Amino acid sequence: MTAPSPSLKPTRPLWASSRARHLVPVAFLTYSLAYLDKSNYSLASAGGMADELHLSAGLDSLIAASFFLGYFLFQIPGTIYAEQRSARRLIAWSTVLWGLLAVVQGMLSDPAQLIAVRFALGVVEGAVLPSMVMLLGRWFTHAERGRANTLLILGNPVTVMWLSALSGWLISVTDWRVMFIVEGIPSVVWGLFCLRLIKDRPEDATWLPAAELAELRADPTTAPA
């Protein structure tokens, strides 16, 4: 009787590792906040901003699209910085900066300034998702990585479920300016927490059990070069 193939062995539940319990919620919430501050512009526009600022349909679309130009242009350079220097610092300070920029959106009335701020928002958000995926790749073995990344990406649809309700409620009880400010502040606070919660490499974490560190070192896809 032949032994079972190693690929058919049951895998350990992801949440059994302290790495998953520590890092996956951080990654999930970070991506969720990024999606919130990226996507609430359309709700603000429909909630009175376009009328108040007298934005034509073309100008409104240009302001919204300027985000994706910054996102596209700086995604790769930002990820290179995270790989060669520090994903922790890039993720944390990007989260702080995009929160501040989201707040600034609620204080502007000039379309040109809104275009510049939306472009800058795309710049600071662009590298966060690929940098987070890269960071998780250092902390999870090849067998665990797909599940960890799946939980990270779930931040997108989960945010969609509560984004419309929260933003719509804020606009109904206040206005679109307050919505931007209220939804930007949590990212500023969370980014500062990320500086303490995230480490660039498993070897830097004092809380990581020795058995899990040894498991990572034994995996050729996560072992230090």
# chains A, B, ... in the order shown; residues from 1 in each chain; ligands from 1
call {"tool": "residues_around", "arguments": {"residues": "Arg196 (chain A)", "least_positions_apart": "6", "cutoff": "12 Å", "atoms": "only C-alpha atoms", "output": "list of chain:residue names"}}
result
A:His22, A:Leu23, A:Val26, A:Arg88, A:Arg89, A:Ile91, A:Ala92, A:Trp93, A:Val189, A:Trp190, A:Asp204, A:Ala205, A:Thr206
call {"tool": "select_by_dssp", "arguments": {"residues": "region 1-220 of chain A", "states": "helix (DSSP H, G or I)", "output": "PyMOL selection string"}}
result
chain A and resi 6-8+14-16+18-52+57-105+111-126+128-139+142-153+155-173+176-197+202-204+210-218
call {"tool": "closest_residue", "arguments": {"among": "A:Ala214, A:Leu14, A:Ala127, A:Val182", "to": "Tyr71 (chain A)", "atoms": "only C-alpha atoms"}}
result
A:Ala127
call {"tool": "residues_around", "arguments": {"residues": "Leu121 (chain A)", "least_positions_apart": "4", "cutoff": "8 Å", "atoms": "only C-alpha atoms", "output": "PyMOL selection string"}}
result
chain A and resi 38+67+70-71+97-98+101-102+117+125
call {"tool": "write_last_selection", "arguments": {"atoms": "all heavy atoms", "output": "short mmCIF file (atom, residue, chain, number, x, y, z; two decimals), in the first residue's frame"}}
result
data_model
loop_
_atom_site.label_atom_id
_atom_site.label_comp_id
_atom_site.auth_asym_id
_atom_site.auth_seq_id
_atom_site.Cartn_x
_atom_site.Cartn_y
_atom_site.Cartn_z
N LYS A 38 -11.50 55.33 -1.11
CA LYS A 38 -11.38 55.38 -2.56
C LYS A 38 -12.74 55.53 -3.22
O LYS A 38 -12.87 56.22 -4.24
CB LYS A 38 -10.70 54.11 -3.06
CG LYS A 38 -10.70 53.93 -4.56
CD LYS A 38 -9.87 52.73 -4.97
CE LYS A 38 -10.43 51.44 -4.42
NZ LYS A 38 -9.62 50.26 -4.82
N PHE A 67 -8.07 59.93 -9.53
CA PHE A 67 -7.59 58.97 -8.53
C PHE A 67 -6.86 57.81 -9.21
O PHE A 67 -5.77 57.41 -8.79
CB PHE A 67 -8.75 58.45 -7.70
CG PHE A 67 -8.40 57.28 -6.82
CD1 PHE A 67 -7.94 57.47 -5.54
CD2 PHE A 67 -8.51 55.97 -7.30
CE1 PHE A 67 -7.59 56.39 -4.74
CE2 PHE A 67 -8.16 54.89 -6.50
CZ PHE A 67 -7.70 55.11 -5.22
N GLY A 70 -3.23 58.43 -10.56
CA GLY A 70 -2.21 58.32 -9.53
C GLY A 70 -2.01 56.89 -9.08
O GLY A 70 -0.88 56.44 -8.85
N TYR A 71 -3.10 56.15 -8.97
CA TYR A 71 -3.04 54.74 -8.57
C TYR A 71 -2.21 53.93 -9.56
O TYR A 71 -1.39 53.10 -9.17
CB TYR A 71 -4.47 54.21 -8.50
CG TYR A 71 -4.66 52.92 -7.74
CD1 TYR A 71 -5.02 52.94 -6.40
CD2 TYR A 71 -4.52 51.68 -8.37
CE1 TYR A 71 -5.22 51.75 -5.71
CE2 TYR A 71 -4.71 50.51 -7.69
CZ TYR A 71 -5.06 50.54 -6.35
OH TYR A 71 -5.24 49.38 -5.66
N LEU A 97 -1.68 59.09 5.34
CA LEU A 97 -1.79 60.14 4.33
C LEU A 97 -3.10 60.07 3.57
O LEU A 97 -3.72 61.11 3.29
CB LEU A 97 -0.61 60.03 3.36
CG LEU A 97 0.74 60.49 3.90
CD1 LEU A 97 1.86 60.19 2.91
CD2 LEU A 97 0.71 61.99 4.20
N TRP A 98 -3.57 58.87 3.23
CA TRP A 98 -4.82 58.84 2.48
C TRP A 98 -5.98 59.25 3.38
O TRP A 98 -6.96 59.83 2.90
CB TRP A 98 -5.05 57.52 1.78
CG TRP A 98 -5.72 56.40 2.52
CD1 TRP A 98 -6.91 56.43 3.19
CD2 TRP A 98 -5.26 55.05 2.60
NE1 TRP A 98 -7.20 55.19 3.71
CE2 TRP A 98 -6.22 54.32 3.35
CE3 TRP A 98 -4.16 54.37 2.09
CZ2 TRP A 98 -6.08 52.96 3.62
CZ3 TRP A 98 -4.03 53.02 2.36
CH2 TRP A 98 -4.98 52.32 3.12
N LEU A 101 -5.85 63.05 3.27
CA LEU A 101 -6.34 63.53 1.98
C LEU A 101 -7.85 63.36 1.86
O LEU A 101 -8.53 64.22 1.26
CB LEU A 101 -5.63 62.78 0.85
CG LEU A 101 -4.15 63.13 0.66
CD1 LEU A 101 -3.47 62.11 -0.23
CD2 LEU A 101 -4.00 64.54 0.08
N ALA A 102 -8.39 62.29 2.41
CA ALA A 102 -9.84 62.10 2.40
C ALA A 102 -10.52 63.20 3.20
O ALA A 102 -11.58 63.72 2.79
CB ALA A 102 -10.20 60.73 2.97
N VAL A 117 -6.08 66.57 -5.28
CA VAL A 117 -6.18 65.75 -4.08
C VAL A 117 -6.57 64.32 -4.43
O VAL A 117 -6.02 63.36 -3.86
CB VAL A 117 -7.20 66.37 -3.10
CG1 VAL A 117 -7.53 65.40 -1.96
CG2 VAL A 117 -6.65 67.66 -2.51
N GLU A 125 -2.46 55.41 -2.15
CA GLU A 125 -3.16 54.13 -2.01
C GLU A 125 -2.62 53.07 -2.96
O GLU A 125 -2.77 51.88 -2.71
CB GLU A 125 -4.66 54.31 -2.27
CG GLU A 125 -5.44 54.82 -1.08
CD GLU A 125 -6.93 54.57 -1.24
OE1 GLU A 125 -7.30 53.59 -1.90
OE2 GLU A 125 -7.70 55.37 -0.71
#
call {"tool": "residues_around", "arguments": {"residues": "Glu83 (chain A)", "least_positions_apart": "2", "cutoff": "12 Å", "atoms": "only C-alpha atoms", "output": "JSON, numbers by chain"}}
result
{"A": [76, 77, 78, 79, 80, 81, 85, 86, 87, 88, 89, 90, 91, 127, 128, 130, 131, 132, 133, 134, 135, 136, 137, 138, 200, 201]}
call {"tool": "residues_around", "arguments": {"residues": "Gln105 (chain A)", "least_positions_apart": "2", "cutoff": "10 Å", "atoms": "only C-alpha atoms", "output": "PyMOL selection string"}}
result
chain A and resi 41+100-103+107-109+113-115+117-118+121+176-181+184
call {"tool": "closest_residue", "arguments": {"among": "A:Ala34, A:Ala148, A:Pro224, A:Ser18", "to": "Gly191 (chain A)", "atoms": "only C-alpha atoms"}}
result
A:Ala34
